[in-house]
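Peer 1: Mind looking over this structure? Questions follow.
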4 protein chains.
Amino acid sequence: MKITTTLATIALIATTSSVSADVVVDRAISETQVLTAQKAWCEALIDISTTNSMKGQAAASELAEKVIDSAYGYQMGVVLFKPTVTVNPNTFRTTREGALSYFVGGNPAYPDDKGFALNDWTKCEIENSAILIIGNTASTMGKVHLTDKDGNVTSVDKSWQFVKDDNGQLRIVLHHSSLEFTGE
Amino acid sequence: MKITTTLATIALIATTSSVSADVVVDRAISETQVLTAQKAWCEALIDISTTNSMKGQAAASELAEKVIDSAYGYQMGVVLFKPTVTVNPNTFRTTREGALSYFVGGNPAYPDDKGFALNDWTKCEIENSAILIIGNTASTMGKVHLTDKDGNVTSVDKSWQFVKDDNGQLRIVLHHSSLEFTGE
Amino acid sequence: MKITTTLATIALIATTSSVSADVVVDRAISETQVLTAQKAWCEALIDISTTNSMKGQAAASELAEKVIDSAYGYQMGVVLFKPTVTVNPNTFRTTREGALSYFVGGNPAYPDDKGFALNDWTKCEIENSAILIIGNTASTMGKVHLTDKDGNVTSVDKSWQFVKDDNGQLRIVLHHSSLEFTGE
Amino acid sequence: MKITTTLATIALIATTSSVSADVVVDRAISETQVLTAQKAWCEALIDISTTNSMKGQAAASELAEKVIDSAYGYQMGVVLFKPTVTVNPNTFRTTREGALSYFVGGNPAYPDDKGFALNDWTKCEIENSAILIIGNTASTMGKVHLTDKDGNVTSVDKSWQFVKDDNGQLRIVLHHSSLEFTGE
């Protein structure tokens with residue numbers, strides 16, 4: 001929760017009216033908070049990938065659970081999550097279990113999941129096309145460029161919608177990721 | 001509508017992740033916008049009062065209509081408005097007509113209304129106890145000190161809730177004003 | 001949190017388009033939730049009053065703490081609370097401590113507080129003038145009629161603004177109460 | 001704007017408290033409004049397609065402008081729009097001009113646009129995976145199945161985020177559409 005406590009004194013434009021404020025609690029979402037949340041997602045992806053390389057899939061899975069619980073909003077009842085490379089009939093991962101399987105695999109209920117976060121990612125760059133902050137949500141759309149250990153870059157089109165929880169932390173409630181259309 | 005278009009480049013903390021944004025549309029309510037809206041209310045009250053003194057009640061009423069239409073949210077269907085000195089059964093002014101009568105009087109449907117804005121106010125000071133910005137609304141609570149031409153000061157306890165309309169302008173959707181309780 | 005899981009099938013108006021939905025998580029505030037929260041406030045006031053009569057002020061104070069923690073939003077950083085009968089310089093109770101003192105007294109920092117909830121209230125009736133649900137908040141304004149054990153009725157003008165917390169519970173973030181203006 | 005004016009009388013659970021409301025203005029987004037907005041999008045796509053077949057591209061373009069102006073939120077400053085088949089560097093259509101070009105083509109600034117709405121679509125079915133209504137926005141994610149005049153079906157993964165404007169109409173502020181990933 002962003003709490004800004006200020007003793008604001010607004011300069012008087014006229015002598016006929018004035019305004020002052022003692023306590024200001026601003027729970028609106030700021031651009032900085034959005035960029036920080038996006039960056040945290042990138043870093044978490046690389047963390048899971050690195051953990052997998054160094055400590056194995058079990059450790060990576062354990063970390064992925066923590067990431068999902070802190071960065072996504074499954075506790076609100078549902079997250080609208082369309083990961084980059086899922087196939088029918090498991091395209092959408094509206095449950096925590098489905099999200100975990102996507103990131104680290106190993107769940108027989110999702111046989112096509114190979115674990116997207118296990119691809120030895122070493123770099124994650126976010127290039128926002130636009131950010132819209134409105135009411136209690138912030139939404140972003142743009143490219144995310146992922147580099148693996150061999151230097152191969154995968155670019156995806158990605159949308160995120162965030163809400164701020166009671167503790168002031170942004171949580172992803174919508175995440176749509178897709179490979180770039182190449183026109184072929 | 002507050003549109004901030006920036007070419008933001010966030011400094012890289014690590015080489016493993018980065019984020020940038022081209023267009024940012026921030027429609028959250030800012031503290032500055034709240035203070036500006038409050039100040040505008042004060043100035044409008046004095047304007048109506050001055051207009052009444054110099055040009056008469058008809059001109060004051062015409063101005064009051066403009067103020068209500070631009071500063072309140074009656075077009076949303078209702079405003080929760082409890083003016084300072086209204087009595088049963090007309091305590092609440094949930095309609096535009098009731099608000100106008102309160103400020104400038106002259107409406108037989110509200111026989112007790114003498115026109116609060118016609119009291120020769122010369123000064124209006126807002127002393128916020130606290131401001132809370134949350135989601136798409138901002139709420140304030142505090143004292144408003146009104147001075148008339150003879151130097152008499154009336155202090156009221158006042159709450160306002162604002163929402164931002166499609167044009168980015170704050171509008172009052174709740175306004176509760178009451179004379180200070182003196183313990184007697 | 002209101003989670004409605006439905007297998008909705010919208011009747012086809014034409015054969016050219018159709019829409020269906022599997023999971024719907026609706027976190028908007030409903031009128032029923034607002035009325036329930038108001039009623040809970042009334043019942044809590046009477047509970048505290050009754051507890052005071054039967055078990056003493058310490059028990060009443062303990063209950064009041066629970067009520068404040070579950071019904072108000074002090075954990076968000078501030079509540080805009082102007083109780084009915086507070087005086088300068090302690091008019092506004094933006095902190096949990098100030099609210100508790102108002103309801104049950106006994107805090108030397110607020111020497112004028114006699115404990116509003118200790119007045120042997122036996123009945124609490126809410127007569128809303130209007131309710132406005134917009135975005136993530138709901139606001140109400142109207143009369144609250146309180147009856148004590150001797151049958152005396154105190155009517156106050158009261159505004160509440162609620163937000164829904166992460167658990168789906170409404171919390172009061174603004175509460176402005178004032179004695180009726182009598183025109184004298 | 002959804003205005004529900006009711007004379008609500010809540011059944012008394014106990015004789016100690018009661019609540020009633022005269023005017024209720026509920027501007028929250030309902031599931032029905034979301035499904036209606038989605039269906040309107042489908043029908044508009046087919047309308048544009050049919051208009052193109054029967055009256056030519058100019059008439060289709062004129063209709064597309066009306067559809068964009070009534071169904072999208074470009075007047076808020078930006079729409080986060082990633083259409084199904086756009087390519088770099090014009091992947092995202094954050095402006096009204098870019099959206100129009102995508103639907104009906106003919107804009108030299110977007111040389112790859114062939115006019116997605118001109119593909120002789122005859123049927124549009126929406127299969128929502130989940131809907132999330134939170135605060136002042138509603139978001140949906142699911143499949144949209146489009147059938148052309150030859151019976152060929154194109155299925156896309158589609159996310160929409162809606163906000164309600166001052167007139168009570170839902171507007172699309174985020175639209176991410178992508179062809180299904182086939183695993184190849």
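Identifiers for the structure tokens are assigned positionally: chains receive A, B, ... in sequence, residues are indexed from 1 per chain, and ligands are indexed from 1 in the order shown.
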Go through chain D and flag each residue having an atom no more than 7 Å from chain C; for those, report the closest pair of atoms plus their distance in Å to one decimal, using only C-alpha atoms, ordered by chain and rising number, as CSV.
Peer 2:
```
residue,atom,partner,partner_atom,distance
D:Thr16,CA,C:Lys123,CA,4.4
D:Ser17,CA,C:Cys124,CA,4.6
D:Ser18,CA,C:Glu125,CA,4.7
D:Val19,CA,C:Ile126,CA,4.4
D:Ser20,CA,C:Glu127,CA,5.1
D:Ala21,CA,C:Asn128,CA,4.5
D:Asp22,CA,C:Ser129,CA,5.7
D:Val23,CA,C:Ala130,CA,4.5
D:Val24,CA,C:Ile131,CA,4.7
D:Val25,CA,C:Leu132,CA,4.9
D:Asp26,CA,C:Ile133,CA,4.7
D:Arg27,CA,C:Ile134,CA,4.9
D:Ala28,CA,C:Ile134,CA,5.6
D:Leu35,CA,C:Val19,CA,6.7
D:Lys39,CA,C:Val19,CA,6.4
D:Cys42,CA,C:Ser17,CA,6.1
D:Glu43,CA,C:Ser17,CA,6.4
D:Thr122,CA,C:Thr16,CA,6.4
D:Lys123,CA,C:Thr16,CA,4.4
D:Cys124,CA,C:Ser17,CA,4.6
D:Glu125,CA,C:Ser18,CA,4.7
D:Ile126,CA,C:Val19,CA,4.4
D:Glu127,CA,C:Ser20,CA,5.0
D:Asn128,CA,C:Ala21,CA,4.4
D:Ser129,CA,C:Asp22,CA,5.6
D:Ala130,CA,C:Val23,CA,4.5
D:Ile131,CA,C:Val24,CA,4.7
D:Leu132,CA,C:Val25,CA,4.9
D:Ile133,CA,C:Asp26,CA,4.7
D:Ile134,CA,C:Arg27,CA,4.9
D:Gly135,CA,C:Asn136,CA,3.9
D:Asn136,CA,C:Gly135,CA,3.9
```
Peer 1: Taking the backbone alone, and naming residues the way the document does, which bits of range 9-179 of chain D are strand (DSSP E or B) by DSSP, as a PyMOL selection string?
Peer 2: chain D and resi 9+17-26+72+80-82+121-134+137-148+153-164+170-179
Peer 1: Which residue is closest to Thr154 in chain C? Choose from C:Gln169, C:Ser178, C:Ser53, C:Asn88 and count only C-alpha atoms.
Peer 2: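 Checking each candidate against Thr154 in chain C, we get C:Ser178 as the closest.
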Peer 1: Which residues are close to range 73-79 of chain C, i.e. within 8 Å by only C-alpha atoms, leaving aside same-chain residues fewer than 4 positions away? Reply as a ChimeraX atom specification.
Peer 2: /A:1,3,25,166-167 /B:130,132 /C:69,93-96,171-175
Peer 1: As number ranges by chain, please: all residues of range 61-165 of chain D that backbone DSSP puts in alpha helix (DSSP H).
Peer 2: D: 61-71, 96-104
Peer 1: Just write the chosen residues, all heavy atoms, as a short mmCIF file (atom, residue, chain, number, x, y, z; two decimals), in the first residue's frame.
Peer 2:
```
data_model
loop_
_atom_site.label_atom_id
_atom_site.label_comp_id
_atom_site.auth_asym_id
_atom_site.auth_seq_id
_atom_site.Cartn_x
_atom_site.Cartn_y
_atom_site.Cartn_z
N SER D 61 -16.26 0.78 -44.72
CA SER D 61 -15.36 1.61 -43.94
C SER D 61 -16.14 2.62 -43.10
O SER D 61 -15.80 2.87 -41.94
CB SER D 61 -14.39 2.34 -44.89
OG SER D 61 -13.47 3.11 -44.15
N GLU D 62 -17.18 3.17 -43.71
CA GLU D 62 -18.01 4.14 -42.99
C GLU D 62 -18.66 3.48 -41.77
O GLU D 62 -18.69 4.04 -40.67
CB GLU D 62 -19.08 4.69 -43.94
CG GLU D 62 -19.79 5.92 -43.44
CD GLU D 62 -20.80 6.45 -44.47
OE1 GLU D 62 -20.63 6.13 -45.67
OE2 GLU D 62 -21.74 7.15 -44.06
N LEU D 63 -19.16 2.25 -41.98
CA LEU D 63 -19.77 1.53 -40.87
C LEU D 63 -18.72 1.19 -39.80
O LEU D 63 -18.97 1.31 -38.60
CB LEU D 63 -20.43 0.25 -41.38
CG LEU D 63 -21.02 -0.67 -40.32
CD1 LEU D 63 -22.05 0.05 -39.45
CD2 LEU D 63 -21.65 -1.92 -40.97
N ALA D 64 -17.53 0.81 -40.25
CA ALA D 64 -16.47 0.44 -39.30
C ALA D 64 -16.11 1.62 -38.40
O ALA D 64 -15.84 1.46 -37.20
CB ALA D 64 -15.24 -0.06 -40.04
N GLU D 65 -16.12 2.81 -38.98
CA GLU D 65 -15.84 4.00 -38.16
C GLU D 65 -16.86 4.15 -37.04
O GLU D 65 -16.51 4.44 -35.90
CB GLU D 65 -15.83 5.26 -39.03
CG GLU D 65 -14.62 5.32 -39.95
CD GLU D 65 -14.41 6.73 -40.50
OE1 GLU D 65 -14.01 7.61 -39.72
OE2 GLU D 65 -14.67 6.93 -41.71
N LYS D 66 -18.13 3.94 -37.40
CA LYS D 66 -19.17 4.05 -36.38
C LYS D 66 -19.00 2.99 -35.30
O LYS D 66 -19.20 3.26 -34.11
CB LYS D 66 -20.55 3.92 -37.04
CG LYS D 66 -20.94 5.12 -37.89
CD LYS D 66 -22.33 4.93 -38.51
CE LYS D 66 -22.64 6.06 -39.49
NZ LYS D 66 -23.83 5.77 -40.31
N VAL D 67 -18.67 1.79 -35.74
CA VAL D 67 -18.49 0.70 -34.78
C VAL D 67 -17.34 1.02 -33.83
O VAL D 67 -17.46 0.87 -32.60
CB VAL D 67 -18.24 -0.63 -35.52
CG1 VAL D 67 -17.74 -1.69 -34.54
CG2 VAL D 67 -19.51 -1.08 -36.23
N ILE D 68 -16.23 1.46 -34.37
CA ILE D 68 -15.07 1.77 -33.53
C ILE D 68 -15.42 2.88 -32.54
O ILE D 68 -15.10 2.79 -31.35
CB ILE D 68 -13.86 2.16 -34.40
CG1 ILE D 68 -13.36 0.94 -35.17
CG2 ILE D 68 -12.75 2.78 -33.56
CD1 ILE D 68 -12.34 1.26 -36.25
N ASP D 69 -16.12 3.90 -33.03
CA ASP D 69 -16.44 5.03 -32.15
C ASP D 69 -17.42 4.67 -31.05
O ASP D 69 -17.42 5.30 -29.99
CB ASP D 69 -17.00 6.20 -32.98
CG ASP D 69 -15.92 6.86 -33.83
OD1 ASP D 69 -14.73 6.64 -33.54
OD2 ASP D 69 -16.27 7.56 -34.79
N SER D 70 -18.24 3.66 -31.29
CA SER D 70 -19.22 3.31 -30.26
C SER D 70 -18.77 2.15 -29.37
O SER D 70 -19.20 2.05 -28.22
CB SER D 70 -20.57 2.98 -30.90
OG SER D 70 -20.50 1.78 -31.62
N ALA D 71 -17.89 1.30 -29.87
CA ALA D 71 -17.56 0.09 -29.11
C ALA D 71 -16.18 0.15 -28.45
O ALA D 71 -15.93 -0.58 -27.48
CB ALA D 71 -17.63 -1.14 -30.01
N ARG D 96 -7.12 5.14 -33.17
CA ARG D 96 -8.34 4.87 -33.93
C ARG D 96 -8.01 4.60 -35.40
O ARG D 96 -8.58 3.70 -36.02
CB ARG D 96 -9.26 6.09 -33.81
CG ARG D 96 -10.57 6.01 -34.57
CD ARG D 96 -11.31 7.34 -34.45
NE ARG D 96 -12.62 7.32 -35.10
CZ ARG D 96 -12.80 7.50 -36.39
NH1 ARG D 96 -11.78 7.70 -37.21
NH2 ARG D 96 -14.04 7.48 -36.89
N GLU D 97 -7.07 5.36 -35.94
CA GLU D 97 -6.69 5.18 -37.34
C GLU D 97 -6.15 3.77 -37.59
O GLU D 97 -6.48 3.12 -38.58
CB GLU D 97 -5.62 6.23 -37.72
CG GLU D 97 -5.18 6.14 -39.17
CD GLU D 97 -3.89 6.93 -39.44
OE1 GLU D 97 -3.25 7.37 -38.46
OE2 GLU D 97 -3.54 7.09 -40.62
N GLY D 98 -5.34 3.30 -36.66
CA GLY D 98 -4.78 1.96 -36.81
C GLY D 98 -5.83 0.87 -36.71
O GLY D 98 -5.75 -0.15 -37.41
N ALA D 99 -6.80 1.09 -35.86
CA ALA D 99 -7.88 0.11 -35.72
C ALA D 99 -8.72 0.06 -37.00
O ALA D 99 -9.05 -1.02 -37.51
CB ALA D 99 -8.77 0.46 -34.52
N LEU D 100 -9.05 1.24 -37.52
CA LEU D 100 -9.86 1.29 -38.74
C LEU D 100 -9.15 0.59 -39.90
O LEU D 100 -9.76 -0.20 -40.64
CB LEU D 100 -10.16 2.75 -39.10
CG LEU D 100 -11.03 2.96 -40.34
CD1 LEU D 100 -12.42 2.37 -40.12
CD2 LEU D 100 -11.14 4.44 -40.69
N SER D 101 -7.87 0.88 -40.04
CA SER D 101 -7.10 0.24 -41.11
C SER D 101 -7.13 -1.27 -40.97
O SER D 101 -7.26 -2.01 -41.95
CB SER D 101 -5.66 0.76 -41.09
OG SER D 101 -4.88 0.06 -42.05
N TYR D 102 -7.01 -1.75 -39.74
CA TYR D 102 -7.03 -3.19 -39.54
C TYR D 102 -8.35 -3.81 -40.02
O TYR D 102 -8.36 -4.84 -40.71
CB TYR D 102 -6.81 -3.56 -38.07
CG TYR D 102 -6.86 -5.05 -37.86
CD1 TYR D 102 -5.82 -5.86 -38.35
CD2 TYR D 102 -7.96 -5.66 -37.28
CE1 TYR D 102 -5.88 -7.23 -38.22
CE2 TYR D 102 -8.03 -7.03 -37.15
CZ TYR D 102 -6.99 -7.82 -37.61
OH TYR D 102 -7.05 -9.18 -37.51
N PHE D 103 -9.44 -3.17 -39.68
CA PHE D 103 -10.74 -3.77 -40.01
C PHE D 103 -11.08 -3.70 -41.50
O PHE D 103 -11.65 -4.62 -42.05
CB PHE D 103 -11.85 -3.11 -39.18
CG PHE D 103 -11.89 -3.59 -37.75
CD1 PHE D 103 -11.73 -2.69 -36.69
CD2 PHE D 103 -12.08 -4.94 -37.46
CE1 PHE D 103 -11.77 -3.14 -35.37
CE2 PHE D 103 -12.11 -5.38 -36.14
CZ PHE D 103 -11.95 -4.49 -35.10
N VAL D 104 -10.74 -2.56 -42.14
CA VAL D 104 -11.18 -2.41 -43.53
C VAL D 104 -10.05 -2.10 -44.52
O VAL D 104 -10.31 -1.96 -45.73
CB VAL D 104 -12.26 -1.30 -43.64
CG1 VAL D 104 -13.51 -1.72 -42.86
CG2 VAL D 104 -11.74 0.03 -43.13
#
```
Peer 1: Please report the interatomic distance between CA of Ser49 in chain D and CA of Val153 in chain D in Å with one decimal.
Peer 2: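 Here the two named atoms are 15.2 Å from each other.
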Peer 1: Using only C-alpha atoms, pick whichever of A:Thr51, A:Gln33, A:Thr84, A:Asn90 has the shortest atom-to-atom distance to Leu118 in chain A.
Peer 2: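 Residue with the minimum atom-to-atom distance to Leu118 in chain A: A:Thr51.
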